[in-house]
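Colleague: Take a look at upload_17.cif, mmCIF, C-alpha atoms:
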data_start
loop_
_atom_site.label_atom_id
_atom_site.label_comp_id
_atom_site.auth_asym_id
_atom_site.auth_seq_id
_atom_site.Cartn_x
_atom_site.Cartn_y
_atom_site.Cartn_z
CA MET A 1 12.92 -74.65 -12.29
CA ILE A 2 10.93 -72.10 -10.29
CA ALA A 3 13.13 -72.71 -7.25
CA ARG A 4 16.25 -72.13 -9.35
CA LEU A 5 14.87 -68.88 -10.71
CA ARG A 6 14.18 -67.76 -7.16
CA THR A 7 17.78 -68.53 -6.26
CA TYR A 8 19.06 -66.37 -9.11
CA ALA A 9 16.63 -63.57 -8.24
CA SER A 10 17.79 -63.69 -4.62
CA PHE A 11 21.43 -63.80 -5.73
CA VAL A 12 21.14 -60.39 -7.38
CA ARG A 13 18.38 -59.05 -5.08
CA PHE A 14 16.19 -58.52 -8.14
CA SER A 15 13.56 -56.67 -6.10
CA HIS A 16 16.11 -53.92 -5.42
CA THR A 17 16.07 -53.04 -9.13
CA ALA A 18 13.26 -50.71 -8.07
CA PHE A 19 15.92 -48.44 -6.54
CA ALA A 20 17.55 -47.47 -9.84
CA MET A 21 14.96 -48.25 -12.49
CA PRO A 22 12.61 -45.29 -11.84
CA PHE A 23 15.46 -42.82 -12.19
CA ALA A 24 16.63 -44.17 -15.54
CA LEU A 25 13.03 -43.79 -16.67
CA VAL A 26 12.84 -40.25 -15.26
CA GLY A 27 15.98 -39.34 -17.23
CA ALA A 28 14.38 -40.76 -20.37
CA LEU A 29 11.04 -39.11 -19.61
CA LEU A 30 12.55 -35.64 -19.22
CA ALA A 31 14.66 -36.13 -22.35
CA ALA A 32 11.55 -37.21 -24.29
CA ARG A 33 10.10 -33.72 -23.80
CA TYR A 34 12.77 -32.58 -26.28
CA ALA A 35 13.32 -35.68 -28.40
CA GLY A 36 9.84 -37.24 -28.45
CA PHE A 37 8.66 -40.42 -26.77
CA ASP A 38 9.45 -43.85 -28.25
CA TRP A 39 8.06 -46.99 -26.59
CA SER A 40 10.68 -49.25 -28.15
CA ARG A 41 13.48 -47.15 -26.66
CA ALA A 42 11.77 -47.28 -23.27
CA VAL A 43 11.74 -51.08 -23.43
CA TRP A 44 15.44 -51.22 -24.30
CA ILE A 45 16.24 -48.82 -21.46
CA VAL A 46 14.41 -51.10 -19.01
CA LEU A 47 16.35 -54.11 -20.35
CA CYS A 48 19.62 -52.18 -20.00
CA MET A 49 18.84 -51.38 -16.38
CA ILE A 50 17.91 -54.95 -15.47
CA ALA A 51 21.00 -56.38 -17.19
CA ALA A 52 23.46 -53.81 -15.83
CA ARG A 53 22.23 -54.09 -12.27
CA SER A 54 22.19 -57.89 -12.42
CA ALA A 55 25.76 -57.96 -13.75
CA ALA A 56 26.93 -55.50 -11.09
CA MET A 57 25.27 -57.34 -8.21
CA GLY A 58 26.51 -60.71 -9.46
CA PHE A 59 30.06 -59.34 -9.70
CA ASN A 60 29.71 -57.92 -6.18
CA ARG A 61 28.66 -61.30 -4.81
CA LEU A 62 31.54 -63.03 -6.59
CA VAL A 63 34.35 -60.79 -5.39
CA ASP A 64 32.92 -60.59 -1.86
CA ALA A 65 32.16 -64.31 -1.47
CA ARG A 66 34.97 -65.00 1.00
CA PHE A 67 34.07 -61.97 3.11
CA ASP A 68 30.38 -62.85 3.01
CA ALA A 69 31.21 -66.33 4.31
CA ARG A 70 32.95 -64.85 7.37
CA ASN A 71 30.31 -62.21 8.14
CA PRO A 72 27.40 -63.58 10.23
CA ARG A 73 25.02 -61.09 8.55
CA THR A 74 25.82 -62.36 5.03
CA ALA A 75 26.90 -65.97 5.62
CA GLY A 76 23.49 -67.21 4.45
CA ARG A 77 23.87 -65.84 0.92
CA GLU A 78 23.89 -68.11 -2.12
CA LEU A 79 27.64 -68.50 -2.68
CA PRO A 80 28.72 -69.05 0.96
CA THR A 81 26.01 -71.67 1.44
CA GLY A 82 26.67 -73.41 -1.86
CA ARG A 83 23.17 -72.85 -3.25
CA MET A 84 24.98 -71.40 -6.26
CA SER A 85 28.44 -72.37 -7.48
CA LEU A 86 31.19 -69.91 -8.41
CA ALA A 87 31.05 -71.19 -12.00
CA GLU A 88 27.32 -70.46 -12.17
CA ALA A 89 27.87 -66.98 -10.76
CA ARG A 90 30.64 -66.21 -13.25
CA LEU A 91 28.51 -67.37 -16.17
CA PHE A 92 25.60 -65.29 -14.89
CA VAL A 93 27.76 -62.14 -14.77
CA VAL A 94 29.09 -62.75 -18.31
CA ILE A 95 25.58 -63.29 -19.72
CA ALA A 96 24.13 -60.26 -17.91
CA SER A 97 27.03 -58.07 -19.09
CA ALA A 98 26.59 -59.25 -22.68
CA ALA A 99 22.85 -58.59 -22.45
CA PHE A 100 23.56 -55.05 -21.24
CA VAL A 101 25.96 -54.30 -24.08
CA ALA A 102 23.52 -55.76 -26.64
CA SER A 103 20.62 -53.72 -25.23
CA ALA A 104 22.77 -50.57 -25.22
CA GLY A 105 23.69 -51.27 -28.83
CA ALA A 106 20.02 -51.42 -29.75
CA LEU A 107 19.70 -47.84 -28.51
CA GLY A 108 22.44 -46.47 -30.76
CA LEU A 109 26.17 -46.21 -31.37
CA LEU A 110 26.76 -43.70 -28.56
CA THR A 111 25.15 -45.88 -25.90
CA LEU A 112 27.00 -48.91 -27.29
CA ALA A 113 30.32 -47.05 -27.07
CA LEU A 114 29.58 -45.94 -23.50
CA SER A 115 28.39 -49.35 -22.27
CA PRO A 116 31.86 -50.71 -21.29
CA LEU A 117 32.49 -47.53 -19.28
CA ALA A 118 29.15 -47.96 -17.51
CA LEU A 119 30.03 -51.55 -16.61
CA ALA A 120 33.47 -50.50 -15.38
CA ILE A 121 31.89 -47.92 -13.07
CA VAL A 122 29.33 -50.31 -11.58
CA PHE A 123 31.91 -53.10 -11.18
CA TRP A 124 34.46 -50.82 -9.51
CA TYR A 125 32.15 -50.26 -6.53
CA SER A 126 32.57 -53.91 -5.54
CA LEU A 127 36.34 -53.47 -5.31
CA ALA A 128 36.41 -49.97 -3.82
CA LYS A 129 36.14 -51.12 -0.19
CA ARG A 130 39.61 -52.63 -0.52
CA TYR A 131 41.20 -49.29 -1.42
CA THR A 132 39.20 -46.32 -0.16
CA ALA A 133 37.01 -45.33 2.76
CA PHE A 134 34.64 -43.59 0.35
CA THR A 135 33.14 -46.83 -0.90
CA GLN A 136 29.59 -45.51 -0.52
CA ALA A 137 30.40 -42.55 -2.77
CA TYR A 138 31.38 -44.98 -5.52
CA LEU A 139 28.04 -46.79 -5.18
CA GLY A 140 26.39 -43.39 -5.53
CA LEU A 141 28.40 -42.78 -8.70
CA ALA A 142 27.40 -46.19 -10.07
CA MET A 143 23.71 -45.45 -9.50
CA ALA A 144 24.04 -41.90 -10.83
CA VAL A 145 24.81 -43.44 -14.22
CA ALA A 146 21.14 -44.54 -14.48
CA PRO A 147 19.41 -41.17 -15.08
CA VAL A 148 22.24 -39.83 -17.24
CA GLY A 149 22.14 -43.03 -19.28
CA GLY A 150 18.36 -42.80 -19.58
CA TRP A 151 18.63 -39.21 -20.84
CA ILE A 152 21.28 -40.12 -23.42
CA ALA A 153 19.41 -43.26 -24.52
CA ALA A 154 16.24 -41.23 -25.11
CA GLY A 155 18.13 -38.77 -27.29
CA GLY A 156 18.07 -35.81 -24.93
CA PRO A 157 20.08 -32.68 -25.83
CA ALA A 158 23.11 -31.37 -23.94
CA SER A 159 21.74 -30.08 -20.63
CA ILE A 160 22.58 -29.79 -16.95
CA GLN A 161 19.30 -31.53 -16.04
CA PRO A 162 20.54 -35.16 -16.22
CA TRP A 163 23.69 -34.26 -14.29
CA LEU A 164 21.68 -32.67 -11.49
CA LEU A 165 19.43 -35.70 -11.50
CA GLY A 166 22.53 -37.89 -11.31
CA LEU A 167 23.75 -35.81 -8.35
CA ALA A 168 20.41 -36.35 -6.61
CA ILE A 169 20.50 -40.11 -7.17
CA GLY A 170 24.16 -40.39 -6.26
CA THR A 171 23.80 -38.58 -2.94
CA TRP A 172 20.58 -40.44 -2.13
CA VAL A 173 22.19 -43.85 -2.71
CA ALA A 174 25.43 -42.94 -0.95
CA GLY A 175 23.39 -41.64 1.98
CA PHE A 176 21.39 -44.82 2.50
CA ASP A 177 24.43 -47.05 1.88
CA VAL A 178 26.28 -45.22 4.65
CA LEU A 179 23.42 -46.16 6.98
CA TYR A 180 23.53 -49.76 5.79
CA ALA A 181 27.31 -49.98 6.24
CA CYS A 182 26.97 -48.99 9.91
CA GLN A 183 25.92 -52.59 10.58
CA ASP A 184 29.33 -53.92 9.53
CA VAL A 185 31.72 -51.47 11.19
CA GLU A 186 33.41 -53.99 13.47
CA PHE A 187 33.58 -56.68 10.78
CA ASP A 188 35.01 -54.25 8.21
CA ARG A 189 37.69 -53.02 10.62
CA ARG A 190 38.64 -56.60 11.55
CA GLU A 191 38.86 -57.68 7.90
CA GLY A 192 40.68 -54.56 6.70
CA LEU A 193 37.75 -53.38 4.59
CA ARG A 194 37.06 -49.68 4.23
CA SER A 195 33.89 -47.63 4.46
CA ILE A 196 32.76 -44.24 5.70
CA PRO A 197 31.42 -45.64 9.01
CA ALA A 198 34.59 -47.73 9.57
CA ARG A 199 36.81 -44.71 8.88
CA PHE A 200 34.93 -41.93 10.68
CA GLY A 201 32.79 -43.79 13.23
CA ILE A 202 29.05 -44.21 13.39
CA PRO A 203 28.04 -40.76 14.76
CA ALA A 204 29.99 -38.93 12.05
CA ALA A 205 28.75 -41.38 9.41
CA LEU A 206 25.13 -40.65 10.31
CA THR A 207 25.80 -36.92 10.00
CA ILE A 208 27.37 -37.48 6.57
CA SER A 209 24.34 -39.54 5.53
CA ARG A 210 21.96 -36.78 6.57
CA VAL A 211 23.92 -34.11 4.72
CA LEU A 212 23.92 -36.28 1.58
CA HIS A 213 20.15 -36.69 1.76
CA ALA A 214 19.69 -32.94 2.21
CA VAL A 215 21.69 -32.45 -1.02
CA THR A 216 19.42 -35.02 -2.68
CA VAL A 217 16.29 -32.99 -1.98
CA ILE A 218 17.95 -29.74 -3.09
CA ALA A 219 19.12 -31.34 -6.35
CA PHE A 220 15.63 -32.73 -7.03
CA ALA A 221 14.20 -29.25 -6.51
CA LEU A 222 16.74 -27.74 -8.93
CA VAL A 223 15.85 -30.33 -11.58
CA GLY A 224 12.20 -29.36 -11.31
CA GLY A 225 13.02 -25.68 -11.60
CA LEU A 226 15.19 -26.11 -14.68
CA ALA A 227 12.66 -28.43 -16.32
CA GLY A 228 9.80 -26.03 -15.55
CA LEU A 229 7.75 -28.74 -13.83
CA ASN A 230 4.57 -27.80 -12.00
CA GLY A 231 3.26 -28.10 -8.45
CA ILE A 232 2.71 -31.84 -8.70
CA TYR A 233 6.46 -32.26 -8.95
CA VAL A 234 7.01 -29.94 -5.97
CA VAL A 235 4.62 -32.02 -3.86
CA GLY A 236 6.45 -35.16 -4.95
CA VAL A 237 9.84 -33.75 -3.94
CA LEU A 238 8.43 -32.68 -0.55
CA ALA A 239 7.07 -36.21 -0.07
CA VAL A 240 10.47 -37.68 -0.93
CA GLY A 241 12.04 -35.31 1.58
CA LEU A 242 9.64 -36.54 4.27
CA LEU A 243 10.47 -40.16 3.45
CA LEU A 244 14.18 -39.46 3.77
CA TRP A 245 13.60 -37.61 7.06
CA TRP A 246 11.68 -40.62 8.37
CA GLU A 247 14.43 -42.96 7.20
CA GLN A 248 17.05 -40.95 9.06
CA SER A 249 14.89 -40.75 12.20
CA LEU A 250 14.89 -44.55 12.47
CA VAL A 251 18.64 -44.73 13.06
CA SER A 252 20.77 -43.19 15.81
CA PRO A 253 24.35 -43.81 17.03
CA GLY A 254 23.03 -45.75 20.02
CA ASN A 255 20.41 -47.76 18.14
CA LEU A 256 21.06 -49.47 14.82
CA SER A 257 18.30 -52.04 15.22
CA GLN A 258 16.13 -50.30 12.61
CA VAL A 259 18.74 -50.04 9.85
CA LYS A 260 17.04 -52.70 7.72
CA ARG A 261 13.68 -50.96 8.11
CA ALA A 262 15.29 -47.61 7.20
CA PHE A 263 16.91 -49.19 4.14
CA ASP A 264 13.59 -50.59 2.94
CA VAL A 265 12.05 -47.10 2.96
CA ASN A 266 14.19 -46.35 -0.09
CA GLY A 267 12.14 -48.71 -2.21
CA TRP A 268 9.36 -46.11 -2.12
CA VAL A 269 11.56 -43.12 -2.94
CA GLY A 270 12.12 -44.00 -6.60
CA VAL A 271 8.53 -45.05 -7.19
CA LEU A 272 7.15 -41.88 -5.64
CA TYR A 273 9.59 -39.63 -7.47
CA PHE A 274 8.88 -41.25 -10.83
CA ALA A 275 5.11 -41.05 -10.30
CA ALA A 276 5.30 -37.35 -9.36
CA THR A 277 7.58 -36.51 -12.29
CA ALA A 278 5.44 -38.45 -14.79
CA ALA A 279 2.27 -36.76 -13.51
CA ALA A 280 3.91 -33.32 -13.69
CA VAL A 281 5.05 -33.93 -17.27
CA TYR A 282 1.69 -35.35 -18.36
CA TRP A 283 -0.35 -32.52 -16.84
CA SER A 284 2.05 -29.73 -17.71
#
What do you get writing this file as structure tokens?
Modeller:
Amino acid sequence: MIARLRTYASFVRFSHTAFAMPFALVGALLAARYAGFDWSRAVWIVLCMIAARSAAMGFNRLVDARFDARNPRTAGRELPTGRMSLAEARLFVVIASAAFVASAGALGLLTLALSPLALAIVFWYSLAKRYTAFTQAYLGLAMAVAPVGGWIAAGGPASIQPWLLGLAIGTWVAGFDVLYACQDVEFDRREGLRSIPARFGIPAALTISRVLHAVTVIAFALVGGLAGLNGIYVVGVLAVGLLLWWEQSLVSPGNLSQVKRAFDVNGWVGVLYFAATAAAVYWS
């Protein structure tokens, strides 16, 4: 039983939930300054995030199974190796999607009505590489849903704050996914798959990634200014900026050996940003 649970957790890279979860909570936290804090809503938001991300990652693994089997970097995943069947994967995606819709419904009629749209956005990323070079931008859009959804779920008023936060998350995710996609340039070109590195080349892709991460830091700073957050938040944004600078410094056109290490740096970005924002709100 434990081994099977580990297989499912690996299938959807459950540990990577840390990338999006903090930003949904930040959206809810900032909204709660206007609408009031509700622990039960926070729990449902967490369940929404886990279910939506699991459904999206499961769908991604399903539609990419034949490509994963031909790519040496991904051939060891659960579907290509047979550790999980296609039927199991399909059932998992259906259950996770249903759990997301049910959790969204517990938050209110608006979130329930928007839940199919949210699923459509996160599922589309998995298909985008077949049609557009800007695949990484669509992943950014899918992740940008998290803070906006958190704001709406917490009952926040109409404001530019969640949209700026969504911009920050979207450019951050797109930026690190561009780096990650540099590993598969030759495979993608051979298989007819599209990405920013495959379309523009690795040097240009790295420049695009760095510009996206610069926009991330600027957008975070604007959020803090509009929300009137104190110096703790400013220090947190500066720390995030340093992490992103370090991430970018690990990768160069002539050396992609540290891409995995650079990618893993992102696990700290969300945690650090959430901690700084929570501290700034608490001690405001």
Colleague: Tell me which of A:Ala128, A:Leu238, A:Leu250, A:Ile45 sits closest to Arg194 in chain A, counting all atoms listed in the file.
Modeller: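 Counting all atoms listed in the file, the residue closest to Arg194 in chain A is A:Ala128.
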Colleague: I'd like the interatomic distance between CA of Arg61 in chain A and CA of Ser195 in chain A, to a tenth of an Å.
Modeller: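 Going from CA of Arg61 in chain A over to CA of Ser195 in chain A, I get 17.3 Å.
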Colleague: Listed atoms of range 113-131 of chain A, axis-aligned box, 5 Å per side: centre and edge lengths to one decimal in Å, as JSON?
Modeller:
{"center_x": 34.8, "center_y": -49.9, "center_z": -13.6, "size_x": 22.8, "size_y": 18.0, "size_z": 36.9}
Colleague: I would like the residues chosen by the PyMOL selection byres ((chain A and resi 174) around 6) on the shown file; could you give them as an NGL selection string?
Modeller: :A and (136-137 or 140 or 171-173 or 175-177)
Colleague: Kindly resolve the PyMOL selection byres ((chain A and resi 256-267) around 7) on the present coordinates and return the residues as a list in words.
Modeller: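 Output from the PyMOL selection byres ((chain A and resi 256-267) around 7), applied to this file: Ala18, Phe19, Phe176, Leu179, Tyr180, Glu247, Leu250, Val251, Ser252, Pro253, Gly254, Asn255, Trp268, Val269 and Gly270 of chain A.
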Colleague: When you count all atoms listed in the file, which of these residues is closest to Gly58 in chain A: A:Leu193, A:Leu91, A:Leu25, A:Cys182?
Modeller: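 Selected residue with least distance to Gly58 in chain A: A:Leu91.
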Colleague: Can you turn the PyMOL selection byres ((chain A and resi 186-188) around 12) into a concrete residue list for this file, as a VMD selection string?
Modeller: chain A and resid 67 to 74 129 to 130 133 135 181 to 185 189 to 199 201 to 202
Colleague: What separation in Å, quoted to one decimal, exists between CA of Phe92 in chain A and CA of Asn60 in chain A?
Modeller: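 Calculated distance between CA of Phe92 in chain A and CA of Asn60 in chain A is 12.1 Å.
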Colleague: Given the choices A:Phe123, A:Ile95, A:Ala28, A:Leu112, which gets closest to Phe59 in chain A if the distance is worked out from all atoms listed in the file?
Modeller: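 Nearest candidate to Phe59 in chain A out of A:Phe123, A:Ile95, A:Ala28, A:Leu112: A:Phe123.
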Colleague: So the first atom is CA of Met84 in chain A and the second is CA of Leu117 in chain A; what is the distance between them in Å, to one decimal place?
Modeller: 28.2 Å
Colleague: From the set A:Tyr125, A:Phe11, A:Trp163, A:Tyr282, which residue has the shortest atom-to-atom contact distance to Arg33 in chain A, counting all atoms listed in the file?
Modeller: A:Tyr282
Colleague: Which residue, A:Ile218, A:Leu165, A:Leu107, A:Ile232, has the smallest gap to Asp38 in chain A when you use all atoms listed in the file?
Modeller: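 For Asp38 in chain A, the nearest of the candidates is A:Leu107.
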Colleague: What's around Ile208 in chain A at 9 Å? Count all atoms listed in the file, leave out sequence neighbours fewer than 3 positions away in its own chain, and write the answer as number ranges by chain.
Modeller: A: 175, 178, 196, 203-205, 211-213
Colleague: Between A:Leu119, A:Ala154, A:Ala56, A:Ala144, which one has atoms that come closest to Trp39 in chain A, using all atoms listed in the file?
Modeller: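 Result for the nearest residue to Trp39 in chain A: A:Ala154.
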Colleague: Can you tell me which residues surround range 149-153 of chain A at a distance of at most 12 Å, considering only C-alpha atoms, apart from same-chain residues fewer than 4 positions away, and format the answer as a CSV table (one decimal) with C-alpha atoms, in the coordinates of the input?
Modeller:
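File result02.csv, as written:
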chain,number,residue,atom,x,y,z
A,20,ALA,CA,17.6,-47.5,-9.8
A,21,MET,CA,15.0,-48.2,-12.5
A,22,PRO,CA,12.6,-45.3,-11.8
A,23,PHE,CA,15.5,-42.8,-12.2
A,24,ALA,CA,16.6,-44.2,-15.5
A,25,LEU,CA,13.0,-43.8,-16.7
A,26,VAL,CA,12.8,-40.2,-15.3
A,27,GLY,CA,16.0,-39.3,-17.2
A,28,ALA,CA,14.4,-40.8,-20.4
A,29,LEU,CA,11.0,-39.1,-19.6
A,30,LEU,CA,12.6,-35.6,-19.2
A,31,ALA,CA,14.7,-36.1,-22.4
A,32,ALA,CA,11.6,-37.2,-24.3
A,33,ARG,CA,10.1,-33.7,-23.8
A,34,TYR,CA,12.8,-32.6,-26.3
A,35,ALA,CA,13.3,-35.7,-28.4
A,36,GLY,CA,9.8,-37.2,-28.4
A,37,PHE,CA,8.7,-40.4,-26.8
A,38,ASP,CA,9.4,-43.8,-28.2
A,40,SER,CA,10.7,-49.2,-28.2
A,41,ARG,CA,13.5,-47.2,-26.7
A,42,ALA,CA,11.8,-47.3,-23.3
A,43,VAL,CA,11.7,-51.1,-23.4
A,44,TRP,CA,15.4,-51.2,-24.3
A,45,ILE,CA,16.2,-48.8,-21.5
A,46,VAL,CA,14.4,-51.1,-19.0
A,47,LEU,CA,16.4,-54.1,-20.4
A,48,CYS,CA,19.6,-52.2,-20.0
A,49,MET,CA,18.8,-51.4,-16.4
A,52,ALA,CA,23.5,-53.8,-15.8
A,103,SER,CA,20.6,-53.7,-25.2
A,104,ALA,CA,22.8,-50.6,-25.2
A,105,GLY,CA,23.7,-51.3,-28.8
A,106,ALA,CA,20.0,-51.4,-29.8
A,107,LEU,CA,19.7,-47.8,-28.5
A,108,GLY,CA,22.4,-46.5,-30.8
A,109,LEU,CA,26.2,-46.2,-31.4
A,110,LEU,CA,26.8,-43.7,-28.6
A,111,THR,CA,25.2,-45.9,-25.9
A,112,LEU,CA,27.0,-48.9,-27.3
A,113,ALA,CA,30.3,-47.0,-27.1
A,114,LEU,CA,29.6,-45.9,-23.5
A,115,SER,CA,28.4,-49.4,-22.3
A,117,LEU,CA,32.5,-47.5,-19.3
A,118,ALA,CA,29.2,-48.0,-17.5
A,119,LEU,CA,30.0,-51.6,-16.6
A,142,ALA,CA,27.4,-46.2,-10.1
A,143,MET,CA,23.7,-45.4,-9.5
A,144,ALA,CA,24.0,-41.9,-10.8
A,145,VAL,CA,24.8,-43.4,-14.2
A,157,PRO,CA,20.1,-32.7,-25.8
A,158,ALA,CA,23.1,-31.4,-23.9
A,159,SER,CA,21.7,-30.1,-20.6
A,160,ILE,CA,22.6,-29.8,-17.0
A,161,GLN,CA,19.3,-31.5,-16.0
A,162,PRO,CA,20.5,-35.2,-16.2
A,163,TRP,CA,23.7,-34.3,-14.3
A,164,LEU,CA,21.7,-32.7,-11.5
A,165,LEU,CA,19.4,-35.7,-11.5
A,166,GLY,CA,22.5,-37.9,-11.3
